Each structure stands twice: as structure tokens, then as C-alpha cells.
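Q: Just one file: data.txt, with compact mmCIF, C-alpha atoms.
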# COMPACT_ATOMS: atom_id res chain seq x y z
CA MET A 1114 21.89 137.37 -19.89
CA ILE A 1115 19.88 134.38 -21.10
CA PHE A 1116 19.92 131.80 -18.32
CA ALA A 1117 16.40 130.40 -18.75
CA SER A 1118 17.48 127.22 -20.53
CA ASP A 1119 20.12 125.82 -22.84
CA ASN A 1120 17.15 125.13 -25.13
CA TRP A 1121 16.98 128.89 -25.70
CA ALA A 1122 20.40 128.94 -27.35
CA GLY A 1123 20.63 128.72 -31.13
CA ALA A 1124 22.69 126.26 -33.14
CA HIS A 1125 26.46 126.38 -33.34
CA PRO A 1126 27.75 127.83 -36.65
CA ALA A 1127 29.45 124.54 -37.55
CA ILE A 1128 26.11 122.75 -37.22
CA ASN A 1129 24.41 125.34 -39.43
CA GLU A 1130 27.14 125.10 -42.06
CA ARG A 1131 26.88 121.32 -42.18
CA LEU A 1132 23.10 121.50 -42.59
CA MET A 1133 23.46 124.00 -45.42
CA LYS A 1134 25.90 121.69 -47.18
CA GLU A 1135 23.56 118.75 -46.80
CA SER A 1136 20.59 120.69 -48.14
CA THR A 1137 22.06 120.95 -51.63
CA ARG A 1138 22.24 117.26 -52.47
CA PHE A 1139 20.13 114.15 -52.92
CA ALA A 1140 20.41 111.17 -50.58
CA ALA A 1141 18.50 108.01 -49.74
CA ALA A 1142 15.64 108.50 -47.29
CA TYR A 1143 14.48 106.95 -44.00
CA GLY A 1144 17.89 106.45 -42.45
CA THR A 1145 19.43 104.53 -45.35
CA SER A 1146 21.81 107.20 -46.67
CA GLU A 1147 25.58 106.81 -46.58
CA LEU A 1148 25.75 109.67 -44.09
CA ASP A 1149 23.26 108.01 -41.74
CA GLN A 1150 25.27 104.82 -41.81
CA ALA A 1151 28.57 106.65 -41.32
CA ILE A 1152 27.28 108.42 -38.21
CA GLU A 1153 25.93 105.18 -36.80
CA LYS A 1154 29.47 103.79 -37.13
CA LYS A 1155 30.80 106.93 -35.47
CA PHE A 1156 28.70 106.12 -32.43
CA ASN A 1157 30.45 102.74 -32.34
CA GLU A 1158 33.79 104.54 -32.13
CA ILE A 1159 32.59 106.92 -29.44
CA PHE A 1160 31.21 104.12 -27.26
CA GLU A 1161 34.06 101.70 -28.02
CA ARG A 1162 31.72 98.88 -29.04
CA GLU A 1163 29.01 98.05 -31.56
CA VAL A 1164 25.82 99.84 -30.61
CA ALA A 1165 22.43 100.31 -32.25
CA VAL A 1166 21.52 103.94 -32.92
CA PHE A 1167 18.14 105.46 -33.79
CA PHE A 1168 17.71 109.16 -34.51
CA VAL A 1169 14.59 110.89 -33.15
CA GLY A 1170 13.40 114.47 -32.98
CA THR A 1171 13.10 115.18 -29.25
CA GLY A 1172 14.37 114.04 -25.90
CA THR A 1173 10.84 113.12 -24.89
CA ALA A 1174 10.64 110.83 -27.91
CA ALA A 1175 13.97 109.24 -27.03
CA ASN A 1176 12.91 108.54 -23.45
CA SER A 1177 9.42 107.37 -24.37
CA LEU A 1178 10.50 104.99 -27.13
CA ALA A 1179 13.30 103.61 -24.95
CA LEU A 1180 10.70 102.68 -22.36
CA ALA A 1181 8.33 101.38 -25.03
CA SER A 1182 11.00 98.99 -26.29
CA VAL A 1183 11.08 97.12 -22.96
CA ALA A 1184 7.41 97.47 -22.02
CA ARG A 1185 5.68 94.58 -20.29
CA PRO A 1186 2.04 94.04 -19.28
CA GLY A 1187 1.64 95.76 -15.96
CA GLY A 1188 5.09 97.23 -16.45
CA ILE A 1189 6.72 99.59 -13.96
CA ALA A 1190 9.68 101.90 -14.63
CA PHE A 1191 11.53 103.35 -11.65
CA CYS A 1192 12.87 106.91 -11.71
CA HIS A 1193 13.77 109.74 -9.38
CA SER A 1194 10.71 111.51 -8.02
CA GLU A 1195 11.64 114.72 -9.85
CA ALA A 1196 12.99 113.18 -13.06
CA HIS A 1197 12.07 114.71 -16.40
CA VAL A 1198 10.22 111.56 -17.48
CA ILE A 1199 7.77 111.83 -14.60
CA GLU A 1200 7.49 115.60 -14.22
CA ASP A 1201 7.88 117.23 -17.64
CA GLU A 1202 6.88 114.90 -20.45
CA CYS A 1203 3.08 115.06 -20.26
CA GLY A 1204 2.79 111.32 -19.66
CA ALA A 1205 4.43 110.47 -22.99
CA PRO A 1206 6.61 107.68 -21.56
CA ILE A 1207 3.48 106.10 -20.11
CA TYR A 1208 1.46 106.63 -23.29
CA PHE A 1209 4.02 105.11 -25.65
CA SER A 1210 4.87 102.18 -23.37
CA ASN A 1211 1.34 100.77 -23.30
CA ALA A 1212 0.20 102.46 -20.09
CA SER A 1213 3.14 101.28 -18.00
CA ARG A 1214 3.68 103.10 -14.71
CA LEU A 1215 6.42 105.40 -13.52
CA MET A 1216 7.30 104.72 -9.90
CA PRO A 1217 9.05 107.65 -8.13
CA VAL A 1218 12.14 106.94 -6.06
CA ALA A 1219 13.35 109.45 -3.48
CA GLY A 1220 16.86 110.78 -3.14
CA PRO A 1221 18.54 114.09 -2.33
CA ASN A 1222 19.43 116.62 -5.01
CA GLY A 1223 17.94 114.75 -7.93
CA LYS A 1224 19.71 111.42 -7.45
CA MET A 1225 18.06 108.14 -6.53
CA LEU A 1226 19.46 106.52 -3.43
CA PRO A 1227 20.28 102.86 -4.12
CA LYS A 1228 18.58 101.69 -0.91
CA ASN A 1229 15.41 103.57 -1.89
CA LEU A 1230 15.49 102.06 -5.37
CA LYS A 1231 15.85 98.56 -3.98
CA ALA A 1232 12.98 99.12 -1.56
CA ALA A 1233 10.77 100.40 -4.39
CA ILE A 1234 11.54 97.41 -6.61
CA ASP A 1235 11.02 94.98 -3.73
CA ARG A 1236 7.40 96.15 -3.50
CA PHE A 1237 6.76 94.22 -6.75
CA PRO A 1238 7.79 90.60 -6.16
CA PRO A 1239 8.19 88.39 -9.23
CA GLY A 1240 5.04 86.60 -10.24
CA SER A 1241 2.67 88.76 -8.21
CA ILE A 1242 0.03 89.64 -10.79
CA HIS A 1243 -1.68 92.13 -8.49
CA GLN A 1244 1.30 94.47 -8.17
CA GLY A 1245 2.72 94.49 -11.70
CA GLN A 1246 6.14 93.80 -13.21
CA PRO A 1247 9.32 95.85 -12.91
CA MET A 1248 10.52 96.56 -16.45
CA LEU A 1249 13.22 99.25 -16.28
CA VAL A 1250 15.18 101.68 -14.14
CA THR A 1251 15.80 105.11 -15.65
CA MET A 1252 18.31 107.63 -14.31
CA THR A 1253 19.02 111.19 -15.47
CA GLN A 1254 22.60 112.28 -16.19
CA ALA A 1255 23.04 115.18 -15.49
CA THR A 1256 20.04 115.28 -13.15
CA GLU A 1257 17.15 117.72 -13.14
CA GLN A 1258 18.73 119.41 -10.13
CA GLY A 1259 22.08 120.00 -11.81
CA THR A 1260 23.87 117.23 -9.97
CA ILE A 1261 25.79 114.35 -11.54
CA TYR A 1262 25.91 110.68 -10.70
CA GLU A 1263 29.50 109.67 -10.00
CA LEU A 1264 30.68 106.55 -11.80
CA ASP A 1265 30.43 104.40 -8.68
CA GLU A 1266 26.90 105.67 -8.11
CA ILE A 1267 25.93 104.57 -11.63
CA SER A 1268 27.38 101.14 -10.88
CA ALA A 1269 25.39 100.90 -7.64
CA ILE A 1270 22.14 101.73 -9.44
CA SER A 1271 22.98 99.24 -12.18
CA GLU A 1272 23.66 96.43 -9.72
CA ILE A 1273 20.19 96.84 -8.25
CA ALA A 1274 18.58 96.91 -11.69
CA LYS A 1275 20.48 93.81 -12.78
CA SER A 1276 19.58 91.94 -9.59
CA ALA A 1277 15.94 92.68 -10.41
CA GLY A 1278 16.41 91.48 -13.99
CA VAL A 1279 15.58 94.83 -15.61
CA PRO A 1280 17.65 97.08 -17.90
CA LEU A 1281 19.08 100.45 -16.91
CA HIS A 1282 18.24 103.46 -19.06
CA MET A 1283 20.06 106.79 -18.88
CA ASP A 1284 18.31 110.02 -19.85
CA GLY A 1285 21.27 111.91 -21.26
CA ALA A 1286 19.65 115.17 -22.35
CA ARG A 1287 22.78 116.86 -20.91
CA PHE A 1288 25.02 113.86 -21.46
CA ALA A 1289 28.01 115.89 -22.69
CA ASN A 1290 27.84 118.27 -19.73
CA ALA A 1291 27.97 115.35 -17.30
CA LEU A 1292 30.70 113.61 -19.30
CA THR A 1293 33.05 116.58 -19.33
CA ALA A 1294 32.33 117.44 -15.70
CA LEU A 1295 33.40 113.92 -14.70
CA ASP A 1296 36.33 113.97 -17.17
CA THR A 1297 35.52 110.45 -18.28
CA THR A 1298 34.62 108.61 -21.49
CA PRO A 1299 31.22 107.75 -22.98
CA ALA A 1300 31.96 104.04 -22.54
CA GLU A 1301 32.97 104.48 -18.92
CA MET A 1302 29.85 106.47 -18.08
CA THR A 1303 27.49 104.00 -19.76
CA TRP A 1304 27.94 100.33 -20.60
CA LYS A 1305 31.08 99.83 -18.52
CA ARG A 1306 28.94 100.87 -15.53
CA GLY A 1307 25.93 98.80 -16.54
CA VAL A 1308 23.84 101.22 -18.63
CA ASP A 1309 21.88 99.34 -21.31
CA ILE A 1310 20.01 102.11 -23.13
CA LEU A 1311 20.91 105.78 -23.52
CA SER A 1312 18.90 108.78 -24.64
CA PHE A 1313 21.76 110.74 -26.20
CA GLY A 1314 20.94 114.43 -26.29
CA ALA A 1315 22.63 117.00 -28.51
CA THR A 1316 19.94 119.64 -28.98
CA LYS A 1317 20.76 121.42 -25.71
CA ASN A 1318 24.45 121.50 -26.60
CA GLY A 1319 24.53 123.30 -29.95
CA CYS A 1320 22.44 121.25 -32.34
CA TRP A 1321 19.14 122.25 -33.89
CA CYS A 1322 17.20 119.00 -33.52
CA ALA A 1323 19.39 115.97 -32.89
CA GLU A 1324 18.61 113.23 -30.39
CA ALA A 1325 19.39 109.52 -30.50
CA ILE A 1326 18.46 106.32 -28.73
CA VAL A 1327 21.57 104.18 -28.23
CA TYR A 1328 21.39 100.48 -27.33
CA MET A 1329 24.62 99.07 -25.95
CA ASP A 1330 23.50 95.61 -27.08
CA PRO A 1331 21.96 95.82 -30.58
CA LYS A 1332 19.90 92.68 -29.88
CA MET A 1333 17.82 94.73 -27.41
CA ALA A 1334 16.76 97.02 -30.26
CA GLU A 1335 15.14 94.51 -32.59
CA ASP A 1336 11.66 96.03 -32.18
CA LEU A 1337 12.74 99.66 -32.13
CA PRO A 1338 12.53 100.24 -35.91
CA PHE A 1339 8.82 99.35 -35.79
CA ILE A 1340 8.21 101.27 -32.57
CA ARG A 1341 9.88 104.37 -33.99
CA LYS A 1342 7.86 104.22 -37.21
CA ARG A 1343 4.59 103.61 -35.38
CA SER A 1344 5.36 106.59 -33.14
CA ALA A 1345 5.87 108.93 -36.13
CA GLN A 1346 9.54 109.42 -35.27
CA LEU A 1347 11.04 107.93 -38.43
CA PHE A 1348 11.89 111.10 -40.33
CA SER A 1349 12.17 110.71 -44.09
CA LYS A 1350 15.20 113.00 -44.19
CA THR A 1351 17.00 111.61 -41.16
CA ARG A 1352 20.24 112.59 -42.84
CA PHE A 1353 19.67 116.11 -41.54
CA MET A 1354 19.92 114.72 -38.02
CA ALA A 1355 22.97 112.72 -39.07
CA ALA A 1356 24.50 115.87 -40.57
CA GLN A 1357 24.17 117.65 -37.24
CA PHE A 1358 25.89 114.77 -35.46
CA ASP A 1359 28.57 114.80 -38.15
CA ALA A 1360 29.52 118.37 -37.29
CA TYR A 1361 28.86 117.82 -33.58
CA PHE A 1362 31.46 115.07 -33.32
CA GLN A 1363 33.98 116.68 -35.68
CA ASN A 1364 37.25 117.43 -33.86
CA GLY A 1365 35.56 116.99 -30.48
CA LEU A 1366 33.25 119.96 -30.93
CA TRP A 1367 30.56 118.42 -28.69
CA LEU A 1368 32.96 118.16 -25.77
CA GLU A 1369 34.29 121.66 -26.36
CA LEU A 1370 30.78 123.14 -26.27
CA ALA A 1371 29.85 121.29 -23.08
CA THR A 1372 33.11 122.28 -21.42
CA HIS A 1373 32.39 125.93 -22.19
CA ALA A 1374 28.85 125.73 -20.79
CA ASN A 1375 30.17 124.12 -17.62
CA ALA A 1376 32.89 126.74 -17.30
CA MET A 1377 30.33 129.54 -17.52
CA ALA A 1378 28.31 127.82 -14.81
CA ASN A 1379 31.41 127.63 -12.64
CA ARG A 1380 32.00 131.33 -13.19
CA LEU A 1381 28.47 131.98 -11.96
CA ARG A 1382 28.97 129.69 -8.98
CA ASP A 1383 32.16 131.44 -7.94
CA GLY A 1384 30.56 134.88 -8.19
CA LEU A 1385 27.35 133.96 -6.40
CA SER A 1386 29.23 132.16 -3.63
CA ALA A 1387 30.70 135.54 -2.65
CA SER A 1388 27.37 137.36 -2.83
CA ASN A 1389 25.47 138.94 0.03
CA SER A 1390 22.17 138.86 -1.86
CA ALA A 1391 22.22 135.31 -3.20
CA ARG A 1392 23.28 131.81 -2.19
CA LEU A 1393 23.56 128.48 -3.93
CA ALA A 1394 20.61 126.30 -2.93
CA TRP A 1395 22.71 123.12 -3.19
CA PRO A 1396 25.97 122.11 -4.88
CA THR A 1397 25.73 121.34 -8.61
CA GLN A 1398 28.33 120.16 -11.11
CA SER A 1399 26.74 120.62 -14.54
CA ASN A 1400 25.58 123.71 -16.42
CA GLU A 1401 22.58 124.21 -14.12
CA LEU A 1402 22.57 126.23 -10.91
CA PHE A 1403 19.80 126.69 -8.38
CA VAL A 1404 20.05 129.94 -6.48
CA VAL A 1405 18.17 131.51 -3.61
CA LEU A 1406 17.97 135.19 -4.46
CA ASP A 1407 16.34 138.09 -2.70
CA LYS A 1408 13.29 139.25 -4.62
CA GLN A 1409 14.61 142.76 -5.11
CA SER A 1410 17.73 141.46 -6.87
CA ALA A 1411 15.67 139.07 -8.97
CA LYS A 1412 13.47 141.92 -10.14
CA ALA A 1413 16.49 144.11 -10.86
CA ALA A 1414 18.03 141.36 -12.97
CA ARG A 1415 14.86 140.85 -14.97
CA ASP A 1416 14.45 144.60 -15.44
CA ALA A 1417 17.99 144.63 -16.85
CA GLY A 1418 17.07 141.93 -19.36
CA ALA A 1419 18.06 138.72 -17.60
CA SER A 1420 15.99 135.61 -18.32
CA PHE A 1421 15.67 132.76 -15.84
CA TYR A 1422 12.97 130.58 -14.35
CA ASP A 1423 11.52 130.68 -10.88
CA TRP A 1424 11.79 127.15 -9.51
CA PRO A 1425 9.58 125.18 -7.12
CA VAL A 1426 11.27 124.47 -3.80
CA PRO A 1427 12.12 120.74 -3.51
CA HIS A 1428 10.59 119.00 -0.52
CA ASP A 1429 14.02 117.88 0.70
CA MET A 1430 15.73 121.26 0.49
CA HIS A 1431 17.60 121.80 3.75
CA GLN A 1432 17.78 125.58 3.95
CA PRO A 1433 14.38 127.30 3.83
CA VAL A 1434 13.58 130.02 1.33
CA GLY A 1435 12.73 133.22 3.19
CA GLU A 1436 9.67 135.37 2.73
CA ASN A 1437 11.64 137.97 0.75
CA GLU A 1438 13.55 135.35 -1.26
CA GLN A 1439 12.86 133.09 -4.19
CA LEU A 1440 14.47 130.01 -5.70
CA ILE A 1441 15.56 130.39 -9.32
CA ARG A 1442 17.27 128.19 -11.89
CA LEU A 1443 20.15 129.45 -14.01
CA VAL A 1444 21.31 127.46 -17.04
CA THR A 1445 24.37 128.24 -19.12
CA SER A 1446 24.98 127.03 -22.67
CA PHE A 1447 27.60 126.83 -25.39
CA ALA A 1448 26.56 130.36 -26.39
CA THR A 1449 26.87 131.94 -22.94
CA GLU A 1450 29.59 134.59 -22.84
CA GLU A 1451 31.67 135.75 -19.91
CA SER A 1452 30.14 139.21 -20.28
CA ASP A 1453 26.66 137.68 -19.73
CA VAL A 1454 27.82 136.12 -16.50
CA ASP A 1455 29.64 139.21 -15.30
CA SER A 1456 26.66 141.46 -16.03
CA PHE A 1457 24.40 139.18 -14.02
CA LEU A 1458 26.86 139.08 -11.14
CA ARG A 1459 27.09 142.86 -11.02
CA ILE A 1460 23.36 142.96 -10.36
CA CYS A 1461 22.87 139.87 -8.20
CA GLY A 1462 26.28 139.08 -6.86
CA ASN A 1463 27.09 142.18 -4.79
CA ALA A 1464 29.56 141.01 -2.19
So that I can check it, write out the structure of this file as C-alpha cells.
A:
Amino acid sequence: MIFASDNWAGAHPAINERLMKESTRFAAAYGTSELDQAIEKKFNEIFEREVAVFFVGTGTAANSLALASVARPGGIAFCHSEAHVIEDECGAPIYFSNASRLMPVAGPNGKMLPKNLKAAIDRFPPGSIHQGQPMLVTMTQATEQGTIYELDEISAISEIAKSAGVPLHMDGARFANALTALDTTPAEMTWKRGVDILSFGATKNGCWCAEAIVYMDPKMAEDLPFIRKRSAQLFSKTRFMAAQFDAYFQNGLWLELATHANAMANRLRDGLSASNSARLAWPTQSNELFVVLDKQSAKAARDAGASFYDWPVPHDMHQPVGENEQLIRLVTSFATEESDVDSFLRICGNA
């Protein structure tokens, strides 16, 4: 009953097998191997256009270097007030982008409201040296609160970014979970809706250490090779990242793993919706759930071996958390089994 994070899950056997195969041979270093180049071309196929791809070791690195690549003096990046870049990355996006600022934008359930984004950007008129310069909008898909931007919502955010003359970045740490939940294509969820830069995450979805920065227009990425090297993210044996992506994309494995994680989350949702000791804090669509649980049930679950995180109550949460209740986060993964879900529900989902 491991629901603490999809980061807790191991690597899928196909990923491990591909890494073992790669470990027995020689190949050119620093991203110049045939495998590196083949996977970069695979990204072109997946996104239905020529893109520029740069492998990095962590999602924080992907987000931070994406911001660094568009940094401006006095630069300001706009994000949701509870986005990972502003809450959970120890200031790395600010550090790597030459002390640019992250400006929080409010919106319910983890999603920026377009009107709030426009109002935030309008606070920094062009040419006003005292306020600073808008440089980027970054959105999280799926969000930190388990919700997903619908395609039209992505377009609305993009229109505001474009009207301000700044690029739109998508933090896709759970990109595959959002993609399969929307039943759409990578192209449709990104560049066709105005996304310019993507942090493409695979580590949470069955890989060991595989993240990528994807530029929908390769011309935007001209400085990224130098930024990545300067930031100590150019791995000499990048082919081991490429090998993971090779197995990840083989026969649609990445979509299969995300679909399974989402299905296990839906199984949890269905069970908890019928519970008399728990309730869903707000609707979610990805592999994350936020649940208000009575403290006695939470303790019983932990005593039985369940792992999950207590979660801070968002300021805009409509239903209050009672004195004998607590808000928790549950995250499913490619490795979650139906028996894990059912065991948890027997403890916490008594109808």
C-alpha cells in the first residue's frame, strides 16, 4: 500500500533490461552516440514535428534550465501559486535563471485562471525598468493538485502568454498521466495549443532517471547546450538516459504505464467516494488524489503498512477539514496493484 509518491516506485522491468543491454557496449559520449540521436528523432515522431531535445537528470533541472534559457535582466516567470517550481525546488529555477523572479498566480485546484494570469502580467508594463520584464509563463500538467488543464484551457493560457510576448513552458513531470487522461496526443497537448517548451518527465512513470527538455522550435534552444553544460547536467554517458527512453517508447509502454496508474487512482476514487470515513477533497483526473480522512482511519492505515503524505490544506479549499480529520495525498503508479488499492479501501473506505 505505497501511495506516498510515484517516485517511490522502482523501474519497469523493460527499462532495467534495456539498461543492462546498454551497459555491455561502448558508445560515443556526451550525447553523440547513435542511440542518443535515434531517440532525439523518436521525439520528433512523437511530437509530429522537428523538436530539440536535451536529456537531464531531474525534473528540477529540466524546469530550471528551461527558465534559464529565456532569462532576461529583471526577468519574471509566472506560475500557479502552488506550482512545483515555486514550492518544491529550493529556488533552483531562480538560481539558474540569473535571479529571475517567480510570480504566483492564483486559481482553484492547482490551475491558473486566465484572468488572474493576465492581471499579473499587466502589473509589469513593457519598458518599465522599475517593475521588471515578463519572460515566461509556466504551467504544470498534471497539476500539483492532481487536476489537468483541458486543451482549451491550455490554449487560453497560451493566448495570454503570446499577447505578452513571452513563451509558454509546461512542467510535464506527469505528462503521460495527463495525456492518457485526456485521451489526446503529445502534439495536441503541447505545440498545437501554444506550448513552446516542455519538461518531459519519465522518472515518475517507470524510468530510473530520465527527463528531457523539449523545444518545439529548435531555434529557441541555441543556448541550451552551453547552459546544460555549465549547470553540470551534461552527463558523459547520456546514452543511459536514451536507453531508458528507448524502452519507454517501445510499443507504447509509456502510455500503458500511465493508463494503469490512472486506472488505479480511479479505483481508489470510486471506493473512497462510497466511504463513510473519508471524502475526496476535490475532483482530480490524474494519478493523484487528495482525501480528507478521519484521523483514526489514517492511523489504522499506517499501522497496517500504508504509506502516504499528510498534505497542507490549500487556502481555497471549500470544505473545511474537521478537528478529527486530516488531509492526505494518495499517489498511484505503474507498479500499484489492485490488491494494494483494495487493502487500503478495506481500512479507510468502510461504507
Q: Tell me which of A:Asn1129, A:Ser1182, A:Gln1398, A:Ser1241 sits closest to A:Ala1291, counting all atoms listed in the file.
A: A:Gln1398
Q: Give me the residues near A:His1282 as a VMD selection string, where near means some atom within 12 Å (using all atoms listed in the file) and where sequence neighbours in that chain fewer than 5 positions away do not count.
A: chain A and resid 1175 to 1183 1190 to 1192 1198 1248 to 1254 1267 1270 to 1271 1274 to 1275 1303 to 1304 1306 to 1313 1326 to 1329
Q: State, in Å with one decimal place, the distance from atom CA of A:Arg1185 to atom CA of A:Ala1219.
A: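 Separation of atom CA of A:Arg1185 and atom CA of A:Ala1219: 23.7 Å.
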Q: Of the residues A:Leu1385, A:Ala1294, A:Ala1286, A:Ala1356, which is the one nearest to A:Thr1260, using only C-alpha atoms?
A: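 That would be A:Ala1294, the residue with the smallest distance to A:Thr1260.
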Q: Measure the distance from atom CA of A:Asn1437 to atom CA of A:Gly1384 in Å and round it to one decimal.
A: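 Answer for the atom CA of A:Asn1437 to atom CA of A:Gly1384 separation: 21.2 Å.
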Q: Would you compute the distance between atom CA of A:Glu1263 and atom CA of A:His1193? Give it in Å to one decimal.
A: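 So the answer is 15.7 Å.
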Q: For A:Glu1324, find every residue with an atom within 10 Å (counting all atoms listed in the file), except residues of its own chain fewer than 3 positions away, and show them as a list in words.
A: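 The filter keeps Phe1167, Phe1168, Val1169, Gly1170, Thr1171, Gly1172, Thr1173, Ala1174, Ala1175, Gly1285, Ala1286, Ser1312, Phe1313, Gly1314, Ala1315, Thr1316, Lys1317, Cys1320, Trp1321, Val1327, Met1354, Ala1355, Gln1357 and Phe1358 of chain A.
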Q: Quick one: of A:Pro1238, A:Gly1319, A:Pro1338, A:Gly1187, who's nearest to A:Gly1123, counting only C-alpha atoms?
A: A:Gly1319
Q: Under the rule that all atoms listed in the file are counted, which of A:Val1434, A:Ala1391, A:Ile1234, A:Ala1419 is the nearest residue to A:Ile1115?
A: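 With all atoms listed in the file as the atom set, the closest residue is A:Ala1419.
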Q: Tell me, as an MDAnalysis selection string, which residues lie within 12 Å of A:Lys1155, counting all atoms listed in the file; anything in the same chain fewer than 6 positions away does not count.
A: chainID A and resid 1148:1149 1161:1166 1355 1358:1363
Q: List every protein, DNA or RNA residue that has at least one atom no more than 12 Å from (10.7, 126.7, -5.2) in the file's coordinates, counting all atoms listed in the file, and write the result as a VMD selection string.
A: chain A and resid 1258 1394 1403 to 1406 1422 to 1430 1432 to 1436 1438 to 1442
Q: Please write out, as lines of an AutoDock Vina configuration file, where the centre of an axis-aligned box around all listed atoms of stretch 1274-1293 of chain A lies and how long its edges are, in Å to one decimal, after adding 3 Å on each side.
A:
center_x = 24.3
center_y = 104.9
center_z = -16.1
size_x = 23.5
size_y = 32.8
size_z = 19.1
Q: Which residues, written as an MDAnalysis selection string, have at least one atom at most 7 Å from stretch 1140-1146 of chain A, with only C-alpha atoms counted and residues fewer than 5 positions away on the same chain left out?
A: chainID A and resid 1347:1352
Q: Please determine, counting all atoms listed in the file, which residue among A:Ala1232, A:Ala1196, A:Trp1367, A:Phe1447 has the shortest atom-to-atom distance to A:Phe1288.
A: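 Among the listed residues, the smallest separation from A:Phe1288 belongs to A:Trp1367.
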Q: Pick the closest to A:Glu1158 from A:Leu1230, A:Met1225, A:Ala1300, A:Pro1217: which is it, counting only C-alpha atoms?
A: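 Closest to A:Glu1158 of all the choices is A:Ala1300.
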